[in-house]
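So this block is model.cif, mmCIF, N, CA, C and O atoms:
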```
data_start
loop_
_atom_site.label_atom_id
_atom_site.label_comp_id
_atom_site.auth_asym_id
_atom_site.auth_seq_id
_atom_site.Cartn_x
_atom_site.Cartn_y
_atom_site.Cartn_z
N MET K 1 168.37 -10.97 63.51
CA MET K 1 169.01 -9.70 63.71
C MET K 1 170.21 -9.88 64.65
O MET K 1 170.12 -10.55 65.66
N SER K 2 171.32 -9.26 64.33
CA SER K 2 172.52 -9.36 65.15
C SER K 2 172.46 -8.39 66.30
O SER K 2 171.91 -7.30 66.20
N SER K 3 173.07 -8.79 67.39
CA SER K 3 173.22 -7.91 68.54
C SER K 3 174.59 -7.26 68.46
O SER K 3 175.58 -7.92 68.19
N ILE K 4 174.63 -5.97 68.71
CA ILE K 4 175.89 -5.24 68.76
C ILE K 4 176.13 -4.89 70.22
O ILE K 4 175.30 -4.25 70.86
N LEU K 5 177.26 -5.34 70.74
CA LEU K 5 177.59 -5.10 72.14
C LEU K 5 178.80 -4.18 72.21
O LEU K 5 179.88 -4.54 71.74
N PRO K 6 178.66 -2.98 72.80
CA PRO K 6 179.79 -2.07 72.89
C PRO K 6 180.84 -2.58 73.88
O PRO K 6 180.51 -3.25 74.87
N ILE K 7 182.08 -2.26 73.59
CA ILE K 7 183.20 -2.60 74.47
C ILE K 7 183.87 -1.30 74.88
O ILE K 7 184.26 -0.50 74.03
N GLU K 8 184.02 -1.10 76.18
CA GLU K 8 184.67 0.10 76.71
C GLU K 8 185.78 -0.28 77.66
O GLU K 8 185.72 -1.30 78.34
N VAL K 9 186.81 0.57 77.68
CA VAL K 9 187.92 0.42 78.63
C VAL K 9 188.17 1.80 79.21
O VAL K 9 188.38 2.76 78.47
N ALA K 10 188.11 1.91 80.52
CA ALA K 10 188.35 3.17 81.22
C ALA K 10 187.47 4.29 80.66
O ALA K 10 187.94 5.40 80.44
N GLY K 11 186.22 3.98 80.37
CA GLY K 11 185.29 4.97 79.86
C GLY K 11 185.46 5.33 78.40
O GLY K 11 184.74 6.17 77.88
N GLU K 12 186.40 4.69 77.71
CA GLU K 12 186.64 4.95 76.30
C GLU K 12 186.01 3.85 75.45
O GLU K 12 186.20 2.66 75.72
N ALA K 13 185.29 4.24 74.42
CA ALA K 13 184.72 3.26 73.50
C ALA K 13 185.86 2.69 72.65
O ALA K 13 186.53 3.42 71.94
N THR K 14 186.10 1.40 72.79
CA THR K 14 187.18 0.77 72.04
C THR K 14 186.66 0.14 70.76
O THR K 14 187.37 0.01 69.78
N GLY K 15 185.41 -0.29 70.79
CA GLY K 15 184.79 -0.93 69.64
C GLY K 15 183.53 -1.64 70.07
O GLY K 15 182.95 -1.32 71.11
N PHE K 16 183.15 -2.62 69.28
CA PHE K 16 181.98 -3.42 69.63
C PHE K 16 182.19 -4.84 69.13
O PHE K 16 183.06 -5.09 68.30
N VAL K 17 181.42 -5.75 69.68
CA VAL K 17 181.47 -7.14 69.23
C VAL K 17 180.10 -7.52 68.69
O VAL K 17 179.07 -7.01 69.12
N THR K 18 180.14 -8.42 67.72
CA THR K 18 178.91 -8.99 67.17
C THR K 18 178.99 -10.50 67.32
O THR K 18 180.07 -11.09 67.16
N PRO K 19 177.88 -11.14 67.68
CA PRO K 19 177.91 -12.58 67.86
C PRO K 19 178.08 -13.31 66.53
O PRO K 19 177.58 -12.88 65.50
N GLU K 20 178.81 -14.41 66.60
CA GLU K 20 179.01 -15.32 65.47
C GLU K 20 178.79 -16.73 65.99
O GLU K 20 178.75 -16.94 67.20
N PRO K 21 178.69 -17.70 65.11
CA PRO K 21 178.46 -19.08 65.57
C PRO K 21 179.52 -19.58 66.56
O PRO K 21 179.20 -20.34 67.46
N ARG K 22 180.75 -19.11 66.43
CA ARG K 22 181.82 -19.61 67.31
C ARG K 22 182.40 -18.53 68.21
O ARG K 22 183.59 -18.57 68.54
N GLY K 23 181.62 -17.55 68.59
CA GLY K 23 182.13 -16.52 69.48
C GLY K 23 181.64 -15.14 69.09
O GLY K 23 180.53 -14.98 68.59
N PHE K 24 182.51 -14.16 69.29
CA PHE K 24 182.17 -12.77 69.03
C PHE K 24 183.29 -12.12 68.23
O PHE K 24 184.47 -12.29 68.55
N ARG K 25 182.92 -11.36 67.22
CA ARG K 25 183.88 -10.66 66.36
C ARG K 25 184.02 -9.22 66.84
O ARG K 25 183.03 -8.53 67.06
N PHE K 26 185.28 -8.77 67.02
CA PHE K 26 185.57 -7.42 67.48
C PHE K 26 185.70 -6.48 66.29
O PHE K 26 186.34 -6.80 65.29
N HIS K 27 185.09 -5.29 66.42
CA HIS K 27 185.16 -4.25 65.40
C HIS K 27 185.68 -2.98 66.10
O HIS K 27 185.01 -2.46 67.00
N ALA K 28 186.86 -2.52 65.72
CA ALA K 28 187.49 -1.38 66.38
C ALA K 28 186.73 -0.08 66.11
O ALA K 28 186.28 0.16 64.99
N ALA K 29 186.63 0.75 67.14
CA ALA K 29 185.99 2.05 67.01
C ALA K 29 187.00 3.15 66.73
O ALA K 29 186.64 4.23 66.31
N SER K 30 188.28 2.88 66.99
CA SER K 30 189.32 3.87 66.74
C SER K 30 190.60 3.15 66.32
O SER K 30 190.76 1.94 66.53
N GLY K 31 191.49 3.92 65.74
CA GLY K 31 192.77 3.37 65.29
C GLY K 31 193.59 2.76 66.41
O GLY K 31 194.38 1.85 66.17
N ARG K 32 193.39 3.23 67.61
CA ARG K 32 194.15 2.71 68.75
C ARG K 32 193.92 1.21 68.94
O ARG K 32 194.79 0.50 69.43
N TYR K 33 192.76 0.72 68.54
CA TYR K 33 192.41 -0.69 68.75
C TYR K 33 192.34 -1.49 67.45
O TYR K 33 191.82 -2.59 67.42
N ARG K 34 192.93 -0.95 66.38
CA ARG K 34 192.85 -1.63 65.08
C ARG K 34 193.55 -2.98 65.06
O ARG K 34 193.22 -3.83 64.25
N LEU K 35 194.52 -3.20 65.94
CA LEU K 35 195.17 -4.51 66.01
C LEU K 35 194.20 -5.62 66.38
O LEU K 35 194.42 -6.78 66.03
N LEU K 36 193.13 -5.26 67.04
CA LEU K 36 192.13 -6.26 67.44
C LEU K 36 190.99 -6.38 66.43
O LEU K 36 190.20 -7.32 66.51
N ASP K 37 190.93 -5.45 65.48
CA ASP K 37 189.83 -5.42 64.53
C ASP K 37 189.73 -6.73 63.76
O ASP K 37 190.71 -7.22 63.20
N GLY K 38 188.57 -7.33 63.78
CA GLY K 38 188.33 -8.59 63.10
C GLY K 38 188.65 -9.83 63.92
O GLY K 38 188.37 -10.95 63.48
N SER K 39 189.22 -9.64 65.09
CA SER K 39 189.56 -10.79 65.94
C SER K 39 188.30 -11.43 66.50
O SER K 39 187.31 -10.75 66.75
N ARG K 40 188.36 -12.72 66.72
CA ARG K 40 187.24 -13.46 67.30
C ARG K 40 187.58 -13.80 68.75
O ARG K 40 188.69 -14.23 69.05
N PHE K 41 186.60 -13.65 69.62
CA PHE K 41 186.77 -13.93 71.04
C PHE K 41 185.63 -14.83 71.51
O PHE K 41 184.53 -14.78 70.97
N PRO K 42 185.88 -15.62 72.56
CA PRO K 42 184.83 -16.51 73.06
C PRO K 42 183.69 -15.78 73.77
O PRO K 42 182.59 -16.30 73.88
N SER K 43 183.96 -14.55 74.25
CA SER K 43 182.92 -13.80 74.96
C SER K 43 183.23 -12.30 74.86
O SER K 43 184.37 -11.91 74.60
N PRO K 44 182.24 -11.46 75.11
CA PRO K 44 182.52 -10.02 75.15
C PRO K 44 183.52 -9.65 76.25
O PRO K 44 184.33 -8.74 76.06
N GLU K 45 183.51 -10.39 77.34
CA GLU K 45 184.44 -10.11 78.44
C GLU K 45 185.89 -10.35 78.02
O GLU K 45 186.79 -9.60 78.41
N THR K 46 186.13 -11.39 77.23
CA THR K 46 187.50 -11.64 76.78
C THR K 46 187.93 -10.60 75.75
O THR K 46 189.10 -10.23 75.70
N ALA K 47 186.99 -10.09 74.97
CA ALA K 47 187.31 -9.00 74.03
C ALA K 47 187.69 -7.74 74.81
O ALA K 47 188.66 -7.06 74.47
N ARG K 48 186.94 -7.45 75.85
CA ARG K 48 187.23 -6.28 76.68
C ARG K 48 188.60 -6.42 77.35
O ARG K 48 189.38 -5.47 77.41
N ALA K 49 188.91 -7.61 77.84
CA ALA K 49 190.20 -7.85 78.48
C ALA K 49 191.35 -7.65 77.48
O ALA K 49 192.39 -7.08 77.82
N ALA K 50 191.16 -8.10 76.26
CA ALA K 50 192.19 -7.92 75.23
C ALA K 50 192.38 -6.44 74.92
O ALA K 50 193.52 -5.96 74.77
N ALA K 51 191.29 -5.69 74.83
CA ALA K 51 191.39 -4.25 74.59
C ALA K 51 192.09 -3.55 75.75
O ALA K 51 192.90 -2.64 75.54
N GLN K 52 191.80 -4.00 76.94
CA GLN K 52 192.44 -3.42 78.13
C GLN K 52 193.95 -3.70 78.12
O GLN K 52 194.74 -2.82 78.42
N ARG K 53 194.34 -4.91 77.76
CA ARG K 53 195.77 -5.25 77.70
C ARG K 53 196.48 -4.44 76.61
O ARG K 53 197.59 -3.96 76.81
N LEU K 54 195.82 -4.28 75.47
CA LEU K 54 196.40 -3.49 74.39
C LEU K 54 196.60 -2.05 74.82
O LEU K 54 197.65 -1.46 74.60
N ARG K 55 195.59 -1.47 75.45
CA ARG K 55 195.70 -0.09 75.93
C ARG K 55 196.84 0.05 76.94
O ARG K 55 197.63 0.99 76.87
N ALA K 56 196.95 -0.89 77.87
CA ALA K 56 198.01 -0.84 78.88
C ALA K 56 199.39 -0.93 78.22
O ALA K 56 200.31 -0.20 78.60
N ALA K 57 199.53 -1.80 77.23
CA ALA K 57 200.81 -1.94 76.53
C ALA K 57 201.16 -0.65 75.79
O ALA K 57 202.32 -0.21 75.80
N GLN K 58 200.17 -0.04 75.14
CA GLN K 58 200.42 1.20 74.42
C GLN K 58 200.79 2.32 75.39
O GLN K 58 201.71 3.10 75.11
N ASP K 59 200.09 2.41 76.50
CA ASP K 59 200.38 3.44 77.50
C ASP K 59 201.78 3.24 78.07
O ASP K 59 202.52 4.21 78.26
N ASP K 60 202.16 2.00 78.30
CA ASP K 60 203.50 1.69 78.82
C ASP K 60 204.57 2.12 77.82
O ASP K 60 205.58 2.70 78.20
N ARG K 61 204.35 1.82 76.55
CA ARG K 61 205.29 2.20 75.49
C ARG K 61 205.44 3.71 75.42
O ARG K 61 206.55 4.24 75.25
N ARG K 62 204.35 4.42 75.54
CA ARG K 62 204.40 5.90 75.49
C ARG K 62 205.16 6.47 76.66
O ARG K 62 205.86 7.46 76.53
N GLN K 63 205.01 5.88 77.82
CA GLN K 63 205.70 6.37 79.01
C GLN K 63 207.21 6.15 78.90
O GLN K 63 207.98 6.93 79.45
N ARG K 64 207.62 5.13 78.21
CA ARG K 64 209.06 4.85 78.05
C ARG K 64 209.71 5.76 77.03
O ARG K 64 210.92 5.93 77.06
N SER K 65 208.93 6.32 76.13
CA SER K 65 209.48 7.18 75.07
C SER K 65 209.87 8.54 75.57
O SER K 65 209.43 9.08 76.47
#
```
Encoded form using structure tokens:
Amino acid sequence: MSSILPIEVAGEATGFVTPEPRGFRFHAASGRYRLLDGSRFPSPETARAAAQRLRAAQDDRRQRS
């Protein structure tokens, strides 16, 4: 049975990761994180960090508009 591990950033559900033989696969919970959907990470922590960076970049872009 696979383990599903939720990933959150700033209290927002970004998606979840599932273990694979060579790491963890990210599954986006919303369109905001679809760029990461299907990506493989070495750990849940690195998936969370990637989601956090993506959110920060999107927020920065919105503030400039």
From the list K:His27, K:Arg55, K:Arg34, K:Arg40, which residue is nearest Pro6 in chain K when using all atoms listed in the file?
-> K:His27
Can you give me, as number ranges by chain, the residues this file yields under the PyMOL selection byres ((chain K and resi 44-54) around 7)?
-> K: 5-9, 17, 24, 26, 32-33, 41-43, 55-60
Selected residues written out, N, CA, C and O atoms, as an mmCIF file, in the frame of the given file:
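The resulting part02.cif:
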```cif
data_model
loop_
_atom_site.group_PDB
_atom_site.id
_atom_site.type_symbol
_atom_site.label_atom_id
_atom_site.label_comp_id
_atom_site.auth_asym_id
_atom_site.auth_seq_id
_atom_site.Cartn_x
_atom_site.Cartn_y
_atom_site.Cartn_z
ATOM 1 N N LEU K 5 177.260 -5.340 70.740
ATOM 2 C CA LEU K 5 177.590 -5.100 72.140
ATOM 3 C C LEU K 5 178.800 -4.180 72.210
ATOM 4 O O LEU K 5 179.880 -4.540 71.740
ATOM 5 N N PRO K 6 178.660 -2.980 72.800
ATOM 6 C CA PRO K 6 179.790 -2.070 72.890
ATOM 7 C C PRO K 6 180.840 -2.580 73.880
ATOM 8 O O PRO K 6 180.510 -3.250 74.870
ATOM 9 N N ILE K 7 182.080 -2.260 73.590
ATOM 10 C CA ILE K 7 183.200 -2.600 74.470
ATOM 11 C C ILE K 7 183.870 -1.300 74.880
ATOM 12 O O ILE K 7 184.260 -0.500 74.030
ATOM 13 N N GLU K 8 184.020 -1.100 76.180
ATOM 14 C CA GLU K 8 184.670 0.100 76.710
ATOM 15 C C GLU K 8 185.780 -0.280 77.660
ATOM 16 O O GLU K 8 185.720 -1.300 78.340
ATOM 17 N N VAL K 9 186.810 0.570 77.680
ATOM 18 C CA VAL K 9 187.920 0.420 78.630
ATOM 19 C C VAL K 9 188.170 1.800 79.210
ATOM 20 O O VAL K 9 188.380 2.760 78.470
ATOM 21 N N VAL K 17 181.420 -5.750 69.680
ATOM 22 C CA VAL K 17 181.470 -7.140 69.230
ATOM 23 C C VAL K 17 180.100 -7.520 68.690
ATOM 24 O O VAL K 17 179.070 -7.010 69.120
ATOM 25 N N PHE K 24 182.510 -14.160 69.290
ATOM 26 C CA PHE K 24 182.170 -12.770 69.030
ATOM 27 C C PHE K 24 183.290 -12.120 68.230
ATOM 28 O O PHE K 24 184.470 -12.290 68.550
ATOM 29 N N PHE K 26 185.280 -8.770 67.020
ATOM 30 C CA PHE K 26 185.570 -7.420 67.480
ATOM 31 C C PHE K 26 185.700 -6.480 66.290
ATOM 32 O O PHE K 26 186.340 -6.800 65.290
ATOM 33 N N ARG K 32 193.390 3.230 67.610
ATOM 34 C CA ARG K 32 194.150 2.710 68.750
ATOM 35 C C ARG K 32 193.920 1.210 68.940
ATOM 36 O O ARG K 32 194.790 0.500 69.430
ATOM 37 N N TYR K 33 192.760 0.720 68.540
ATOM 38 C CA TYR K 33 192.410 -0.690 68.750
ATOM 39 C C TYR K 33 192.340 -1.490 67.450
ATOM 40 O O TYR K 33 191.820 -2.590 67.420
ATOM 41 N N PHE K 41 186.600 -13.650 69.620
ATOM 42 C CA PHE K 41 186.770 -13.930 71.040
ATOM 43 C C PHE K 41 185.630 -14.830 71.510
ATOM 44 O O PHE K 41 184.530 -14.780 70.970
ATOM 45 N N PRO K 42 185.880 -15.620 72.560
ATOM 46 C CA PRO K 42 184.830 -16.510 73.060
ATOM 47 C C PRO K 42 183.690 -15.780 73.770
ATOM 48 O O PRO K 42 182.590 -16.300 73.880
ATOM 49 N N SER K 43 183.960 -14.550 74.250
ATOM 50 C CA SER K 43 182.920 -13.800 74.960
ATOM 51 C C SER K 43 183.230 -12.300 74.860
ATOM 52 O O SER K 43 184.370 -11.910 74.600
ATOM 53 N N ARG K 55 195.590 -1.470 75.450
ATOM 54 C CA ARG K 55 195.700 -0.090 75.930
ATOM 55 C C ARG K 55 196.840 0.050 76.940
ATOM 56 O O ARG K 55 197.630 0.990 76.870
ATOM 57 N N ALA K 56 196.950 -0.890 77.870
ATOM 58 C CA ALA K 56 198.010 -0.840 78.880
ATOM 59 C C ALA K 56 199.390 -0.930 78.220
ATOM 60 O O ALA K 56 200.310 -0.200 78.600
ATOM 61 N N ALA K 57 199.530 -1.800 77.230
ATOM 62 C CA ALA K 57 200.810 -1.940 76.530
ATOM 63 C C ALA K 57 201.160 -0.650 75.790
ATOM 64 O O ALA K 57 202.320 -0.210 75.800
ATOM 65 N N GLN K 58 200.170 -0.040 75.140
ATOM 66 C CA GLN K 58 200.420 1.200 74.420
ATOM 67 C C GLN K 58 200.790 2.320 75.390
ATOM 68 O O GLN K 58 201.710 3.100 75.110
ATOM 69 N N ASP K 59 200.090 2.410 76.500
ATOM 70 C CA ASP K 59 200.380 3.440 77.500
ATOM 71 C C ASP K 59 201.780 3.240 78.070
ATOM 72 O O ASP K 59 202.520 4.210 78.260
ATOM 73 N N ASP K 60 202.160 2.000 78.300
ATOM 74 C CA ASP K 60 203.500 1.690 78.820
ATOM 75 C C ASP K 60 204.570 2.120 77.820
ATOM 76 O O ASP K 60 205.580 2.700 78.200
#
```
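Reported to one decimal place, the separation of atom C of Leu35 in chain K from atom C of Pro19 in chain K is 17.9 Å.
Atom O of Ala29 in chain K to CA of Gly15 in chain K spans 6.4 Å [interatomic distance, one decimal].
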Taking the backbone alone, and naming residues the way the document does, which bits of chain K are helix (DSSP H, G or I) by DSSP, as a PyMOL selection string?
-> chain K and resi 31-36+44-64
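Atom to atom, CA of Thr18 in chain K and CA of Ile4 in chain K stand 5.1 Å apart.
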For range 20-44 of chain K of the structure just presented, write N, CA, C and O atoms to a file, as a JSON list (two decimals), in the first residue's frame.
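The resulting file, part_23.json, is reproduced below:
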```
[["chain", "number", "residue", "atom", "x", "y", "z"],
["K", 20, "GLU", "N", 8.06, 6.53, -4.35],
["K", 20, "GLU", "CA", 8.45, 5.73, -5.51],
["K", 20, "GLU", "C", 9.82, 5.14, -5.22],
["K", 20, "GLU", "O", 10.49, 5.57, -4.28],
["K", 21, "PRO", "N", 10.28, 4.21, -6.02],
["K", 21, "PRO", "CA", 11.59, 3.61, -5.77],
["K", 21, "PRO", "C", 12.74, 4.64, -5.70],
["K", 21, "PRO", "O", 13.67, 4.46, -4.94],
["K", 22, "ARG", "N", 12.63, 5.72, -6.45],
["K", 22, "ARG", "CA", 13.72, 6.70, -6.47],
["K", 22, "ARG", "C", 13.32, 8.06, -5.93],
["K", 22, "ARG", "O", 13.83, 9.08, -6.37],
["K", 23, "GLY", "N", 12.40, 8.10, -5.00],
["K", 23, "GLY", "CA", 12.01, 9.38, -4.41],
["K", 23, "GLY", "C", 10.52, 9.47, -4.19],
["K", 23, "GLY", "O", 9.86, 8.47, -3.89],
["K", 24, "PHE", "N", 10.00, 10.67, -4.38],
["K", 24, "PHE", "CA", 8.59, 10.95, -4.13],
["K", 24, "PHE", "C", 8.02, 11.72, -5.32],
["K", 24, "PHE", "O", 8.64, 12.68, -5.79],
["K", 25, "ARG", "N", 6.85, 11.33, -5.76],
["K", 25, "ARG", "CA", 6.17, 11.98, -6.88],
["K", 25, "ARG", "C", 5.15, 12.98, -6.33],
["K", 25, "ARG", "O", 4.36, 12.66, -5.46],
["K", 26, "PHE", "N", 5.20, 14.23, -6.86],
["K", 26, "PHE", "CA", 4.29, 15.29, -6.43],
["K", 26, "PHE", "C", 3.03, 15.27, -7.28],
["K", 26, "PHE", "O", 3.09, 15.14, -8.50],
["K", 27, "HIS", "N", 1.88, 15.42, -6.62],
["K", 27, "HIS", "CA", 0.58, 15.49, -7.27],
["K", 27, "HIS", "C", -0.09, 16.79, -6.81],
["K", 27, "HIS", "O", -0.36, 16.95, -5.61],
["K", 28, "ALA", "N", -0.31, 17.72, -7.73],
["K", 28, "ALA", "CA", -0.85, 19.04, -7.38],
["K", 28, "ALA", "C", -2.30, 18.94, -6.92],
["K", 28, "ALA", "O", -3.09, 18.20, -7.49],
["K", 29, "ALA", "N", -2.62, 19.74, -5.91],
["K", 29, "ALA", "CA", -4.00, 19.80, -5.40],
["K", 29, "ALA", "C", -4.77, 20.95, -6.03],
["K", 29, "ALA", "O", -5.99, 20.98, -5.96],
["K", 30, "SER", "N", -4.06, 21.90, -6.63],
["K", 30, "SER", "CA", -4.72, 23.03, -7.27],
["K", 30, "SER", "C", -3.90, 23.46, -8.48],
["K", 30, "SER", "O", -2.73, 23.12, -8.62],
["K", 31, "GLY", "N", -4.56, 24.23, -9.33],
["K", 31, "GLY", "CA", -3.90, 24.72, -10.53],
["K", 31, "GLY", "C", -2.68, 25.58, -10.25],
["K", 31, "GLY", "O", -1.76, 25.64, -11.06],
["K", 32, "ARG", "N", -2.66, 26.20, -9.10],
["K", 32, "ARG", "CA", -1.52, 27.06, -8.74],
["K", 32, "ARG", "C", -0.20, 26.28, -8.72],
["K", 32, "ARG", "O", 0.85, 26.83, -8.97],
["K", 33, "TYR", "N", -0.28, 24.99, -8.44],
["K", 33, "TYR", "CA", 0.93, 24.16, -8.31],
["K", 33, "TYR", "C", 1.08, 23.14, -9.43],
["K", 33, "TYR", "O", 1.87, 22.22, -9.34],
["K", 34, "ARG", "N", 0.34, 23.34, -10.53],
["K", 34, "ARG", "CA", 0.38, 22.36, -11.63],
["K", 34, "ARG", "C", 1.74, 22.25, -12.29],
["K", 34, "ARG", "O", 2.06, 21.23, -12.87],
["K", 35, "LEU", "N", 2.57, 23.29, -12.20],
["K", 35, "LEU", "CA", 3.92, 23.20, -12.77],
["K", 35, "LEU", "C", 4.75, 22.12, -12.09],
["K", 35, "LEU", "O", 5.68, 21.58, -12.70],
["K", 36, "LEU", "N", 4.41, 21.79, -10.88],
["K", 36, "LEU", "CA", 5.15, 20.75, -10.14],
["K", 36, "LEU", "C", 4.52, 19.37, -10.29],
["K", 36, "LEU", "O", 5.14, 18.37, -9.92],
["K", 37, "ASP", "N", 3.30, 19.31, -10.84],
["K", 37, "ASP", "CA", 2.58, 18.06, -10.93],
["K", 37, "ASP", "C", 3.37, 17.02, -11.71],
["K", 37, "ASP", "O", 3.85, 17.27, -12.81],
["K", 38, "GLY", "N", 3.57, 15.87, -11.10],
["K", 38, "GLY", "CA", 4.32, 14.79, -11.72],
["K", 38, "GLY", "C", 5.82, 14.83, -11.48],
["K", 38, "GLY", "O", 6.53, 13.90, -11.85],
["K", 39, "SER", "N", 6.29, 15.90, -10.87],
["K", 39, "SER", "CA", 7.73, 16.01, -10.60],
["K", 39, "SER", "C", 8.15, 15.02, -9.52],
["K", 39, "SER", "O", 7.38, 14.70, -8.62],
["K", 40, "ARG", "N", 9.39, 14.57, -9.61],
["K", 40, "ARG", "CA", 9.94, 13.65, -8.62],
["K", 40, "ARG", "C", 10.92, 14.41, -7.74],
["K", 40, "ARG", "O", 11.73, 15.19, -8.23],
["K", 41, "PHE", "N", 10.86, 14.15, -6.45],
["K", 41, "PHE", "CA", 11.73, 14.80, -5.47],
["K", 41, "PHE", "C", 12.38, 13.75, -4.59],
["K", 41, "PHE", "O", 11.80, 12.69, -4.36],
["K", 42, "PRO", "N", 13.56, 14.05, -4.05],
["K", 42, "PRO", "CA", 14.24, 13.07, -3.18],
["K", 42, "PRO", "C", 13.57, 12.89, -1.82],
["K", 42, "PRO", "O", 13.74, 11.86, -1.18],
["K", 43, "SER", "N", 12.78, 13.88, -1.40],
["K", 43, "SER", "CA", 12.11, 13.79, -0.09],
["K", 43, "SER", "C", 10.87, 14.67, -0.10],
["K", 43, "SER", "O", 10.75, 15.59, -0.91],
["K", 44, "PRO", "N", 9.96, 14.43, 0.83],
["K", 44, "PRO", "CA", 8.80, 15.33, 0.96],
["K", 44, "PRO", "C", 9.22, 16.76, 1.29],
["K", 44, "PRO", "O", 8.58, 17.71, 0.82]]
```
